[in-house]
>>> print(open('protein10.pdb').read())   # PDB, C-alpha atoms
ATOM      1  CA  MET W   1      13.277 -37.438 -21.010
ATOM      2  CA  THR W   2      11.300 -36.048 -18.068
ATOM      3  CA  CYS W   3       8.103 -33.975 -18.233
ATOM      4  CA  ARG W   4      10.171 -30.938 -17.198
ATOM      5  CA  GLU W   5      12.540 -31.411 -20.153
ATOM      6  CA  PHE W   6       9.601 -32.142 -22.442
ATOM      7  CA  ALA W   7       7.997 -28.814 -21.492
ATOM      8  CA  GLU W   8      11.233 -26.960 -22.232
ATOM      9  CA  PHE W   9      11.433 -28.460 -25.725
ATOM     10  CA  LEU W  10       7.803 -27.755 -26.742
ATOM     11  CA  ASP W  11       8.480 -24.585 -28.678
ATOM     12  CA  ALA W  12      11.438 -26.042 -30.542
ATOM     13  CA  TYR W  13       9.345 -29.140 -31.315
ATOM     14  CA  LEU W  14       6.514 -27.102 -32.831
ATOM     15  CA  SER W  15       9.040 -25.067 -34.816
ATOM     16  CA  ALA W  16      10.624 -28.306 -36.102
ATOM     17  CA  GLU W  17      13.952 -27.207 -34.622
ATOM     18  CA  LEU W  18      14.743 -30.224 -32.434
ATOM     19  CA  PRO W  19      17.903 -32.161 -33.281
ATOM     20  CA  PRO W  20      17.095 -35.754 -34.381
ATOM     21  CA  ALA W  21      18.233 -37.414 -31.147
ATOM     22  CA  VAL W  22      16.195 -35.042 -28.997
ATOM     23  CA  LEU W  23      13.199 -35.412 -31.315
ATOM     24  CA  THR W  24      13.323 -39.188 -30.890
ATOM     25  CA  ALA W  25      13.392 -38.856 -27.100
ATOM     26  CA  PHE W  26      10.625 -36.224 -27.224
ATOM     27  CA  GLU W  27       8.338 -38.430 -29.323
ATOM     28  CA  HIS W  28       9.103 -41.434 -27.135
ATOM     29  CA  HIS W  29       8.033 -39.432 -24.077
ATOM     30  CA  LEU W  30       4.883 -38.397 -25.937
ATOM     31  CA  GLU W  31       3.981 -42.063 -26.474
ATOM     32  CA  LEU W  32       4.315 -42.834 -22.764
ATOM     33  CA  CYS W  33       2.932 -39.781 -20.973
ATOM     34  CA  ILE W  34      -0.742 -38.849 -21.390
ATOM     35  CA  ASN W  35      -0.258 -35.837 -19.133
ATOM     36  CA  CYS W  36       2.313 -34.390 -21.532
ATOM     37  CA  VAL W  37       0.091 -35.229 -24.513
ATOM     38  CA  ARG W  38      -2.537 -33.001 -22.910
ATOM     39  CA  TYR W  39      -0.002 -30.333 -21.973
ATOM     40  CA  LEU W  40       1.204 -30.197 -25.575
ATOM     41  CA  GLU W  41      -2.400 -29.943 -26.763
ATOM     42  CA  HIS W  42      -3.111 -27.072 -24.340
ATOM     43  CA  TYR W  43       0.041 -25.311 -25.528
ATOM     44  CA  ARG W  44      -0.952 -25.712 -29.192
ATOM     45  CA  GLN W  45      -4.510 -24.560 -28.574
ATOM     46  CA  SER W  46      -3.278 -21.569 -26.580
ATOM     47  CA  ILE W  47      -1.174 -20.411 -29.519
ATOM     48  CA  GLU W  48      -4.147 -20.796 -31.844
ATOM     49  CA  LEU W  49      -6.512 -18.984 -29.475
ATOM     50  CA  GLY W  50      -4.020 -16.173 -28.933
ATOM     51  CA  ARG W  51      -3.433 -15.714 -32.647
ATOM     52  CA  ARG W  52      -7.109 -15.495 -33.465
ATOM     53  CA  ALA W  53      -8.594 -13.869 -30.363
ATOM     54  CA  PHE W  54      -8.559 -10.501 -32.072
ATOM     55  CA  ASP W  55     -10.292 -11.699 -35.256
ATOM     56  CA  ARG W  56     -13.760 -10.539 -36.133
ATOM     57  CA  SER W  57     -14.104  -8.380 -33.082
ATOM     58  CA  SER W  58     -15.816  -5.135 -33.941
ATOM     59  CA  ALA W  59     -14.645  -3.730 -30.624
ATOM     60  CA  GLU W  60     -11.037  -4.402 -31.563
ATOM     61  CA  VAL W  61     -10.924  -3.724 -35.279
ATOM     62  CA  PRO W  62     -12.578  -0.470 -36.313
ATOM     63  CA  ALA W  63     -13.551  -0.278 -39.968
ATOM     64  CA  ASP W  64     -12.401   3.322 -40.037
ATOM     65  CA  VAL W  65     -10.409   5.737 -37.994
ATOM     66  CA  PRO W  66     -12.825   7.884 -35.961
ATOM     67  CA  GLU W  67     -13.450  11.199 -37.739
ATOM     68  CA  ASP W  68     -12.399  13.284 -34.755
ATOM     69  CA  LEU W  69      -9.025  11.521 -34.744
ATOM     70  CA  ILE W  70      -8.589  12.086 -38.488
ATOM     71  CA  ARG W  71      -9.337  15.788 -37.981
ATOM     72  CA  ALA W  72      -6.796  15.993 -35.157
ATOM     73  CA  MET W  73      -4.196  14.232 -37.318
ATOM     74  CA  LEU W  74      -4.813  16.639 -40.207
ATOM     75  CA  VAL W  75      -4.416  19.621 -37.875
ATOM     76  CA  ALA W  76      -1.101  18.168 -36.673
ATOM     77  CA  PHE W  77      -0.087  17.498 -40.282
ATOM     78  CA  ARG W  78      -0.643  21.154 -41.212
ATOM     79  CA  LEU W  79       1.713  22.178 -38.413
ATOM     80  CA  GLU W  80       4.517  20.028 -39.821
ATOM     81  CA  PRO W  81       7.345  21.950 -41.472
ATOM     82  CA  ALA W  82       7.673  21.419 -45.212
ATOM     83  CA  LEU W  83       9.732  18.407 -46.263
ATOM     84  CA  ASP W  84      13.152  19.017 -47.821
TER
ATOM     85  CA  MET L   1      -4.914  18.938 -53.774
ATOM     86  CA  ASN L   2      -8.336  18.472 -55.004
ATOM     87  CA  SER L   3     -11.017  16.168 -53.786
ATOM     88  CA  ASN L   4     -10.852  14.182 -57.019
ATOM     89  CA  ASP L   5      -7.345  13.041 -56.099
ATOM     90  CA  LEU L   6      -8.590  11.727 -52.773
ATOM     91  CA  VAL L   7     -11.570  10.033 -54.373
ATOM     92  CA  GLN L   8      -9.283   8.364 -56.895
ATOM     93  CA  ALA L   9      -6.816   7.280 -54.234
ATOM     94  CA  MET L  10      -9.518   6.022 -51.933
ATOM     95  CA  ASP L  11     -11.603   3.308 -53.404
ATOM     96  CA  PRO L  12     -14.362   1.484 -51.528
ATOM     97  CA  ALA L  13     -12.740  -1.755 -52.648
ATOM     98  CA  GLY L  14      -9.971  -1.148 -50.128
ATOM     99  CA  ALA L  15      -6.263  -0.622 -49.804
ATOM    100  CA  SER L  16      -5.301  -2.619 -52.855
ATOM    101  CA  ALA L  17      -7.122  -0.122 -55.057
ATOM    102  CA  VAL L  18      -4.914   2.751 -53.953
ATOM    103  CA  ASP L  19      -2.245   3.728 -56.453
ATOM    104  CA  GLU L  20       0.606   3.450 -53.978
ATOM    105  CA  PRO L  21       3.431   4.992 -56.018
ATOM    106  CA  ALA L  22       1.246   8.027 -56.784
ATOM    107  CA  LEU L  23       0.296   8.290 -53.124
ATOM    108  CA  ILE L  24       3.933   8.166 -52.021
ATOM    109  CA  ALA L  25       4.949  10.725 -54.632
ATOM    110  CA  ALA L  26       2.211  13.067 -53.385
ATOM    111  CA  LEU L  27       3.304  12.517 -49.778
ATOM    112  CA  ARG L  28       6.838  13.480 -50.754
ATOM    113  CA  ARG L  29       5.430  16.700 -52.168
ATOM    114  CA  GLY L  30       3.734  17.277 -48.815
ATOM    115  CA  GLU L  31       0.195  17.118 -50.182
ATOM    116  CA  GLU L  32      -2.471  16.862 -47.519
ATOM    117  CA  TRP L  33      -4.876  14.738 -49.553
ATOM    118  CA  ALA L  34      -2.219  12.002 -49.723
ATOM    119  CA  PHE L  35      -1.710  12.100 -45.965
ATOM    120  CA  GLU L  36      -5.466  11.848 -45.437
ATOM    121  CA  ALA L  37      -5.715   8.985 -47.923
ATOM    122  CA  MET L  38      -2.925   7.145 -46.095
ATOM    123  CA  VAL L  39      -4.785   7.604 -42.803
ATOM    124  CA  ARG L  40      -8.162   6.530 -44.171
ATOM    125  CA  THR L  41      -6.783   3.530 -46.063
ATOM    126  CA  HIS L  42      -4.647   1.942 -43.364
ATOM    127  CA  GLY L  43      -5.616   3.740 -40.164
ATOM    128  CA  GLY L  44      -8.439   1.490 -38.967
ATOM    129  CA  ARG L  45      -6.304  -1.629 -38.927
ATOM    130  CA  LEU L  46      -3.363   0.241 -37.436
ATOM    131  CA  LEU L  47      -5.491   1.768 -34.696
ATOM    132  CA  ALA L  48      -6.431  -1.785 -33.725
ATOM    133  CA  VAL L  49      -2.719  -2.665 -33.572
ATOM    134  CA  ALA L  50      -2.018   0.326 -31.318
ATOM    135  CA  ARG L  51      -4.982  -0.566 -29.090
ATOM    136  CA  ARG L  52      -3.712  -4.122 -28.665
ATOM    137  CA  ILE L  53      -0.245  -2.988 -27.656
ATOM    138  CA  CYS L  54      -1.134   0.060 -25.559
ATOM    139  CA  GLY L  55      -4.176  -1.416 -23.881
ATOM    140  CA  ASN L  56      -5.995   1.913 -23.703
ATOM    141  CA  GLU L  57      -7.651   4.223 -26.178
ATOM    142  CA  GLU L  58      -5.835   7.431 -25.330
ATOM    143  CA  ASP L  59      -2.345   5.999 -25.788
ATOM    144  CA  ALA L  60      -3.440   4.122 -28.897
ATOM    145  CA  ARG L  61      -4.685   7.314 -30.535
ATOM    146  CA  ASP L  62      -1.530   9.190 -29.565
ATOM    147  CA  ALA L  63       0.635   6.376 -30.897
ATOM    148  CA  LEU L  64      -1.275   6.307 -34.193
ATOM    149  CA  GLN L  65      -1.007  10.049 -34.674
ATOM    150  CA  SER L  66       2.693  10.113 -33.769
ATOM    151  CA  ALA L  67       3.351   7.172 -36.079
ATOM    152  CA  TYR L  68       1.681   8.824 -39.055
ATOM    153  CA  LEU L  69       3.547  12.084 -38.554
ATOM    154  CA  SER L  70       6.780  10.131 -38.143
ATOM    155  CA  ALA L  71       6.039   8.225 -41.347
ATOM    156  CA  PHE L  72       5.337  11.467 -43.186
ATOM    157  CA  ARG L  73       8.664  12.936 -42.035
ATOM    158  CA  ALA L  74      10.465   9.756 -43.113
ATOM    159  CA  VAL L  75       8.695   9.229 -46.417
ATOM    160  CA  GLN L  76      11.674  10.548 -48.403
ATOM    161  CA  ARG L  77      13.604   7.571 -47.042
ATOM    162  CA  PHE L  78      10.894   5.005 -47.807
ATOM    163  CA  GLU L  79      12.551   2.811 -50.402
ATOM    164  CA  GLY L  80       9.564   0.781 -51.467
ATOM    165  CA  THR L  81      11.207  -2.535 -50.607
ATOM    166  CA  CYS L  82       8.023  -3.477 -48.730
ATOM    167  CA  GLN L  83       4.421  -2.343 -49.007
ATOM    168  CA  LEU L  84       3.425   0.945 -47.464
ATOM    169  CA  SER L  85       1.087  -0.944 -45.101
ATOM    170  CA  THR L  86       3.957  -3.127 -43.831
ATOM    171  CA  TRP L  87       6.168  -0.080 -43.298
ATOM    172  CA  LEU L  88       3.400   1.769 -41.446
ATOM    173  CA  HIS L  89       2.685  -1.294 -39.313
ATOM    174  CA  ARG L  90       6.260  -1.364 -38.003
ATOM    175  CA  ILE L  91       6.230   2.351 -37.280
ATOM    176  CA  VAL L  92       2.955   2.057 -35.356
ATOM    177  CA  VAL L  93       4.266  -0.909 -33.354
ATOM    178  CA  ASN L  94       7.418   1.018 -32.445
ATOM    179  CA  MET L  95       5.460   4.101 -31.481
ATOM    180  CA  ALA L  96       3.053   2.085 -29.348
ATOM    181  CA  LEU L  97       5.985   0.411 -27.579
ATOM    182  CA  MET L  98       7.473   3.849 -26.909
ATOM    183  CA  ARG L  99       4.176   4.945 -25.339
ATOM    184  CA  LEU L 100       4.274   1.885 -23.088
ATOM    185  CA  ARG L 101       7.811   2.698 -21.946
ATOM    186  CA  THR L 102       6.693   6.111 -20.725
ATOM    187  CA  ARG L 103       3.880   4.616 -18.623
ATOM    188  CA  ARG L 104       4.374   3.556 -15.042
ATOM    189  CA  ARG L 105       4.177  -0.197 -14.852
ATOM    190  CA  LYS L 106       1.094  -1.654 -13.296
ATOM    191  CA  PRO L 107       1.409  -4.467 -10.740
ATOM    192  CA  GLU L 108       1.992  -7.710 -12.569
ATOM    193  CA  ALA L 109       1.157 -11.327 -11.976
ATOM    194  CA  GLN L 110       4.127 -13.351 -10.798
ATOM    195  CA  MET L 111       5.398 -15.268 -13.799
ATOM    196  CA  ASP L 112       6.435 -18.326 -11.796
ATOM    197  CA  THR L 113       2.848 -18.858 -10.676
ATOM    198  CA  LEU L 114       1.864 -19.144 -14.350
ATOM    199  CA  LEU L 115       4.548 -21.624 -15.376
ATOM    200  CA  PRO L 116       4.180 -25.388 -14.908
ATOM    201  CA  ALA L 117       5.373 -26.820 -11.590
ATOM    202  CA  PHE L 118       7.329 -30.072 -11.403
ATOM    203  CA  GLN L 119       8.033 -32.684  -8.776
ATOM    204  CA  GLU L 120      11.611 -33.558  -7.839
ATOM    205  CA  ASP L 121      11.588 -36.476 -10.268
ATOM    206  CA  GLY L 122      10.613 -34.157 -13.149
ATOM    207  CA  HIS L 123       6.916 -35.092 -13.421
ATOM    208  CA  HIS L 124       4.260 -32.401 -13.653
ATOM    209  CA  VAL L 125       2.605 -31.566 -10.332
ATOM    210  CA  GLU L 126      -0.689 -30.879 -12.093
ATOM    211  CA  GLN L 127      -2.768 -33.515 -13.846
ATOM    212  CA  PHE L 128      -4.133 -31.993 -17.041
ATOM    213  CA  SER L 129      -7.618 -32.610 -18.349
ATOM    214  CA  GLU L 130      -9.027 -32.005 -21.796
ATOM    215  CA  TRP L 131     -10.604 -28.697 -22.670
ATOM    216  CA  THR L 132     -14.345 -28.310 -22.831
ATOM    217  CA  MET L 133     -14.138 -27.845 -26.605
ATOM    218  CA  PRO L 134     -11.423 -27.445 -29.252
ATOM    219  CA  ALA L 135      -9.915 -24.049 -30.049
ATOM    220  CA  ASP L 136     -11.648 -23.614 -33.385
ATOM    221  CA  ARG L 137     -15.075 -24.049 -31.766
ATOM    222  CA  LEU L 138     -14.182 -21.704 -28.913
ATOM    223  CA  LEU L 139     -13.092 -19.110 -31.458
ATOM    224  CA  GLU L 140     -16.586 -19.015 -32.935
ATOM    225  CA  ARG L 141     -17.818 -17.409 -29.698
ATOM    226  CA  GLU L 142     -17.145 -13.718 -29.053
ATOM    227  CA  ASP L 143     -17.282 -14.275 -25.271
ATOM    228  CA  ALA L 144     -14.524 -16.900 -25.556
ATOM    229  CA  ARG L 145     -12.385 -14.589 -27.713
ATOM    230  CA  ALA L 146     -12.903 -11.831 -25.133
ATOM    231  CA  THR L 147     -11.771 -14.248 -22.410
ATOM    232  CA  VAL L 148      -8.601 -15.024 -24.368
ATOM    233  CA  ARG L 149      -7.905 -11.298 -24.834
ATOM    234  CA  SER L 150      -8.389 -10.797 -21.113
ATOM    235  CA  CYS L 151      -5.945 -13.633 -20.356
ATOM    236  CA  ILE L 152      -3.350 -12.083 -22.691
ATOM    237  CA  ALA L 153      -3.822  -8.766 -20.874
ATOM    238  CA  GLN L 154      -3.024 -10.504 -17.573
ATOM    239  CA  LEU L 155       0.431 -11.621 -18.713
ATOM    240  CA  PRO L 156       3.402  -9.775 -17.212
ATOM    241  CA  GLU L 157       4.136  -6.888 -19.547
ATOM    242  CA  SER L 158       7.415  -8.039 -21.089
ATOM    243  CA  TYR L 159       5.839 -11.410 -21.925
ATOM    244  CA  ARG L 160       2.590  -9.873 -23.189
ATOM    245  CA  GLN L 161       4.554  -7.681 -25.584
ATOM    246  CA  VAL L 162       6.514 -10.582 -27.069
ATOM    247  CA  LEU L 163       3.390 -12.722 -27.461
ATOM    248  CA  LEU L 164       1.534  -9.862 -29.184
ATOM    249  CA  LEU L 165       4.385  -8.971 -31.500
ATOM    250  CA  ARG L 166       5.246 -12.552 -32.509
ATOM    251  CA  ASP L 167       1.931 -14.417 -32.489
ATOM    252  CA  ILE L 168      -0.564 -11.662 -33.296
ATOM    253  CA  GLU L 169       1.334  -8.960 -35.171
ATOM    254  CA  GLU L 170       3.343 -11.749 -36.845
ATOM    255  CA  LEU L 171       6.690  -9.980 -36.668
ATOM    256  CA  SER L 172       9.832 -12.114 -36.926
ATOM    257  CA  THR L 173      12.005 -12.995 -33.942
ATOM    258  CA  ASP L 174      14.750 -10.707 -35.251
ATOM    259  CA  GLU L 175      12.353  -7.802 -35.756
ATOM    260  CA  VAL L 176      10.978  -8.174 -32.235
ATOM    261  CA  ALA L 177      14.485  -8.459 -30.821
ATOM    262  CA  GLY L 178      15.371  -5.167 -32.484
ATOM    263  CA  MET L 179      12.242  -3.422 -31.261
ATOM    264  CA  LEU L 180      12.606  -4.642 -27.681
ATOM    265  CA  ARG L 181      16.401  -4.323 -27.581
ATOM    266  CA  ALA L 182      16.930  -7.959 -26.678
ATOM    267  CA  THR L 183      18.728 -10.872 -28.298
ATOM    268  CA  PRO L 184      16.781 -13.227 -30.584
ATOM    269  CA  THR L 185      17.486 -16.039 -28.096
ATOM    270  CA  ALA L 186      15.994 -14.010 -25.249
ATOM    271  CA  ILE L 187      12.905 -13.313 -27.372
ATOM    272  CA  LYS L 188      12.482 -17.018 -28.148
ATOM    273  CA  VAL L 189      12.701 -17.919 -24.459
ATOM    274  CA  ARG L 190      10.277 -15.155 -23.504
ATOM    275  CA  LEU L 191       7.796 -16.250 -26.181
ATOM    276  CA  HIS L 192       7.883 -19.836 -24.928
ATOM    277  CA  ARG L 193       7.309 -18.667 -21.343
ATOM    278  CA  ALA L 194       4.499 -16.347 -22.487
ATOM    279  CA  ARG L 195       2.760 -19.182 -24.332
ATOM    280  CA  GLN L 196       3.108 -21.451 -21.299
ATOM    281  CA  ALA L 197       1.680 -18.754 -19.036
ATOM    282  CA  LEU L 198      -1.196 -18.081 -21.434
ATOM    283  CA  SER L 199      -1.860 -21.802 -21.524
ATOM    284  CA  THR L 200      -2.120 -21.849 -17.709
ATOM    285  CA  LEU L 201      -4.562 -18.933 -17.694
ATOM    286  CA  LEU L 202      -6.663 -20.439 -20.486
ATOM    287  CA  ARG L 203      -6.700 -23.825 -18.757
ATOM    288  CA  ARG L 204      -8.358 -22.165 -15.769
ATOM    289  CA  GLU L 205     -11.077 -20.937 -18.106
ATOM    290  CA  PHE L 206     -11.573 -23.748 -20.562
ATOM    291  CA  ALA L 207     -10.403 -27.049 -19.056
ATOM    292  CA  ARG L 208     -12.967 -29.519 -17.787
TER
END
>>> encode(input="protein10.pdb", output="structure tokens")
Amino acid sequence: MTCREFAEFLDAYLSAELPPAVLTAFEHHLELCINCVRYLEHYRQSIELGRRAFDRSSAEVPADVPEDLIRAMLVAFRLEPALD
Amino acid sequence: MNSNDLVQAMDPAGASAVDEPALIAALRRGEEWAFEAMVRTHGGRLLAVARRICGNEEDARDALQSAYLSAFRAVQRFEGTCQLSTWLHRIVVNMALMRLRTRRRKPEAQMDTLLPAFQEDGHHVEQFSEWTMPADRLLEREDARATVRSCIAQLPESYRQVLLLRDIEELSTDEVAGMLRATPTAIKVRLHRARQALSTLLRREFAR
């Protein structure tokens, strides 16, 4: 397996979707190639960072909807025709 | 409606304290207090979702408002097979994606410059180094999280959307495929490319 093929299989590897023969070749490449070990680690860490980059950010997660927006939504609600 | 209904529906303890069947029944009767309770209970989190997808406050607010009105109109068809919050989340995501489709696309980074390059024999061109610190330590710093958000924002739009919907909004491949009108295979490929591109951008920030 080349580094190019290894990179293509990363996602399937992390999702445990590689067929056994490909998994064997993938893990063999991982034993031999430090550059791909690091590439895999970067890929893993990128997923983790992406997933959690929006955590605990007061700028991104408001505790409440701003009152002016709630008022605007209630005005729009009152204009809705009655439900059947 | 009376204010007691709203007070009972809204509890400082949070969404789990809301009597959801009673809320849905009141929504079906068109009662304003129930609509307001639905907004106050779930709206903050959903506004954050709309902000992430739309990338600007004005569109996010419009998407949230449109989503809530759409949910109200559709509440007779809400079957209760999932939680109200899950149902609202999907409606907000769809509405935010619709807002994006109406916007003129901004110039995008070239995807091939963000994907790994290989030599003729299949080896990486680039030699990778370790990062300055592991992800969990980086995530303790707000400036690092802001850098990651900025890198996500730099992804070409179709890749940014898939990464957001799969990795951050935690929707399934099939759900995302339906929302973006693509095949599940195409979504999987796009997610892999998006993660590779994000990895390239983050490497520029965090590698030694």
>>> residues_around(input="protein10.pdb", residues="stretch 39-49 of chain W", least_positions_apart="2", cutoff="7 Å", atoms="only C-alpha atoms", output="number ranges by chain")
W: 35-37, 51-53; L: 128, 135, 139, 148, 195-196, 198-199
>>> resolve_selection(input="protein10.pdb", expression="the PyMOL selection byres ((chain L and resi 159-161) around 12)", output="PyMOL selection string")
(chain W and resi 50) or (chain L and resi 49-50+52-55+93-94+96-98+100-101+108-111+114+149-158+162-169+171+176-177+179-180+186-198)
>>> closest_residue(input="protein10.pdb", among="W:Arg38, W:Ala25, W:Phe6, W:Leu32", to="chain L", atoms="only C-alpha atoms")
W:Arg38
>>> closest_atom_pairs(input="protein10.pdb", of="chain L", to="chain W", cutoff="8 Å", atoms="all atoms listed in the file", output="Markdown table")
| residue | atom | partner | partner_atom | distance |
| --- | --- | --- | --- | --- |
| L:Arg28 | CA | W:Leu83 | CA | 7.3 |
| L:Arg29 | CA | W:Leu83 | CA | 7.5 |
| L:Gly30 | CA | W:Leu83 | CA | 6.6 |
| L:Glu32 | CA | W:Phe77 | CA | 7.6 |
| L:Phe35 | CA | W:Leu74 | CA | 8.0 |
| L:Glu36 | CA | W:Leu74 | CA | 7.1 |
| L:Val39 | CA | W:Ile70 | CA | 7.3 |
| L:Arg40 | CA | W:Val65 | CA | 6.6 |
| L:Gly43 | CA | W:Val65 | CA | 5.6 |
| L:Gly44 | CA | W:Asp64 | CA | 4.5 |
| L:Arg45 | CA | W:Val61 | CA | 6.2 |
| L:Leu47 | CA | W:Val65 | CA | 7.1 |
| L:Ala48 | CA | W:Val61 | CA | 5.1 |
| L:Arg51 | CA | W:Glu60 | CA | 7.6 |
| L:Arg52 | CA | W:Glu60 | CA | 7.9 |
| L:Arg61 | CA | W:Leu69 | CA | 7.4 |
| L:Gln65 | CA | W:Met73 | CA | 5.9 |
| L:Leu69 | CA | W:Phe77 | CA | 6.7 |
| L:Arg73 | CA | W:Leu83 | CA | 7.0 |
| L:Phe118 | CA | W:Arg4 | CA | 6.5 |
| L:Asp121 | CA | W:Thr2 | CA | 7.8 |
| L:Gly122 | CA | W:Arg4 | CA | 5.2 |
| L:His123 | CA | W:Cys3 | CA | 5.1 |
| L:His124 | CA | W:Cys3 | CA | 6.2 |
| L:Gln127 | CA | W:Asn35 | CA | 6.3 |
| L:Phe128 | CA | W:Asn35 | CA | 5.8 |
| L:Ser129 | CA | W:Arg38 | CA | 6.8 |
| L:Glu130 | CA | W:Arg38 | CA | 6.7 |
| L:Trp131 | CA | W:His42 | CA | 7.8 |
| L:Pro134 | CA | W:Gln45 | CA | 7.5 |
| L:Ala135 | CA | W:Gln45 | CA | 5.6 |
| L:Asp136 | CA | W:Leu49 | CA | 7.9 |
| L:Leu139 | CA | W:Leu49 | CA | 6.9 |
| L:Glu142 | CA | W:Ser57 | CA | 7.3 |
| L:Arg145 | CA | W:Ala53 | CA | 4.7 |
| L:Ala146 | CA | W:Ala53 | CA | 7.1 |
| L:Val148 | CA | W:Ala53 | CA | 6.1 |
| L:Arg149 | CA | W:Ala53 | CA | 6.1 |
| L:Ile152 | CA | W:Gly50 | CA | 7.5 |
| L:Asp167 | CA | W:Arg51 | CA | 5.5 |
| L:Ile168 | CA | W:Arg51 | CA | 5.0 |
| L:His192 | CA | W:Asp11 | CA | 6.1 |
| L:Arg195 | CA | W:Ile47 | CA | 6.6 |
| L:Gln196 | CA | W:Tyr43 | CA | 6.5 |
| L:Leu198 | CA | W:Ser46 | CA | 6.6 |
| L:Ser199 | CA | W:Ser46 | CA | 5.3 |
| L:Leu202 | CA | W:Ser46 | CA | 7.1 |
| L:Arg203 | CA | W:His42 | CA | 7.4 |
>>> atom_distance(input="protein10.pdb", atom1="atom CA of L:Phe78", atom2="atom CA of L:Arg181")
22.9 Å
>>> closest_residue(input="protein10.pdb", among="L:Asp112, L:Glu175, L:Glu205, L:Asp62", to="L:Met133", atoms="all atoms listed in the file")
L:Glu205
>>> atom_distance(input="protein10.pdb", atom1="atom CA of L:Leu46", atom2="atom CA of W:Val75")
19.4 Å
>>> axis_aligned_box(input="protein10.pdb", around="stretch 70-79 of chain L", padding_each_side="3 Å", output="JSON")
{"center_x": 9.5, "center_y": 7.9, "center_z": -44.3, "size_x": 14.3, "size_y": 16.1, "size_z": 18.3}
>>> atom_distance(input="protein10.pdb", atom1="atom CA of W:Val22", atom2="atom CA of L:Ala117")
22.1 Å
>>> closest_residue(input="protein10.pdb", among="L:Ile91, L:Glu31, L:Glu79, L:Asp143", to="L:Ser66", atoms="only C-alpha atoms")
L:Ile91
>>> build_atoms(input="protein10.pdb", residues="stretch 195-206 of chain L", atoms="N, CA and C atoms", output="PDB file, keeping the file's coordinate frame")
ATOM      1  N   ARG L 195       3.758 -18.198 -23.863  1.00  0.00           N
ATOM      2  CA  ARG L 195       2.760 -19.182 -24.332  1.00  0.00           C
ATOM      3  C   ARG L 195       2.395 -20.155 -23.211  1.00  0.00           C
ATOM      4  N   GLN L 196       3.399 -20.551 -22.429  1.00  0.00           N
ATOM      5  CA  GLN L 196       3.108 -21.451 -21.299  1.00  0.00           C
ATOM      6  C   GLN L 196       2.194 -20.759 -20.282  1.00  0.00           C
ATOM      7  N   ALA L 197       2.492 -19.489 -20.010  1.00  0.00           N
ATOM      8  CA  ALA L 197       1.680 -18.754 -19.036  1.00  0.00           C
ATOM      9  C   ALA L 197       0.260 -18.548 -19.560  1.00  0.00           C
ATOM     10  N   LEU L 198       0.144 -18.234 -20.855  1.00  0.00           N
ATOM     11  CA  LEU L 198      -1.196 -18.081 -21.434  1.00  0.00           C
ATOM     12  C   LEU L 198      -1.949 -19.398 -21.349  1.00  0.00           C
ATOM     13  N   SER L 199      -1.240 -20.482 -21.595  1.00  0.00           N
ATOM     14  CA  SER L 199      -1.860 -21.802 -21.524  1.00  0.00           C
ATOM     15  C   SER L 199      -2.404 -22.067 -20.115  1.00  0.00           C
ATOM     16  N   THR L 200      -1.652 -21.679 -19.099  1.00  0.00           N
ATOM     17  CA  THR L 200      -2.120 -21.849 -17.709  1.00  0.00           C
ATOM     18  C   THR L 200      -3.396 -21.042 -17.469  1.00  0.00           C
ATOM     19  N   LEU L 201      -3.387 -19.788 -17.914  1.00  0.00           N
ATOM     20  CA  LEU L 201      -4.562 -18.933 -17.694  1.00  0.00           C
ATOM     21  C   LEU L 201      -5.776 -19.464 -18.463  1.00  0.00           C
ATOM     22  N   LEU L 202      -5.541 -19.932 -19.688  1.00  0.00           N
ATOM     23  CA  LEU L 202      -6.663 -20.439 -20.486  1.00  0.00           C
ATOM     24  C   LEU L 202      -7.190 -21.752 -19.925  1.00  0.00           C
ATOM     25  N   ARG L 203      -6.285 -22.552 -19.363  1.00  0.00           N
ATOM     26  CA  ARG L 203      -6.700 -23.825 -18.757  1.00  0.00           C
ATOM     27  C   ARG L 203      -7.690 -23.567 -17.617  1.00  0.00           C
ATOM     28  N   ARG L 204      -7.436 -22.501 -16.868  1.00  0.00           N
ATOM     29  CA  ARG L 204      -8.358 -22.165 -15.769  1.00  0.00           C
ATOM     30  C   ARG L 204      -9.740 -21.812 -16.284  1.00  0.00           C
ATOM     31  N   GLU L 205      -9.786 -21.339 -17.519  1.00  0.00           N
ATOM     32  CA  GLU L 205     -11.077 -20.937 -18.106  1.00  0.00           C
ATOM     33  C   GLU L 205     -11.767 -22.060 -18.862  1.00  0.00           C
ATOM     34  N   PHE L 206     -10.969 -22.855 -19.578  1.00  0.00           N
ATOM     35  CA  PHE L 206     -11.573 -23.748 -20.562  1.00  0.00           C
ATOM     36  C   PHE L 206     -11.398 -25.236 -20.292  1.00  0.00           C
TER      37      PHE L 206
END
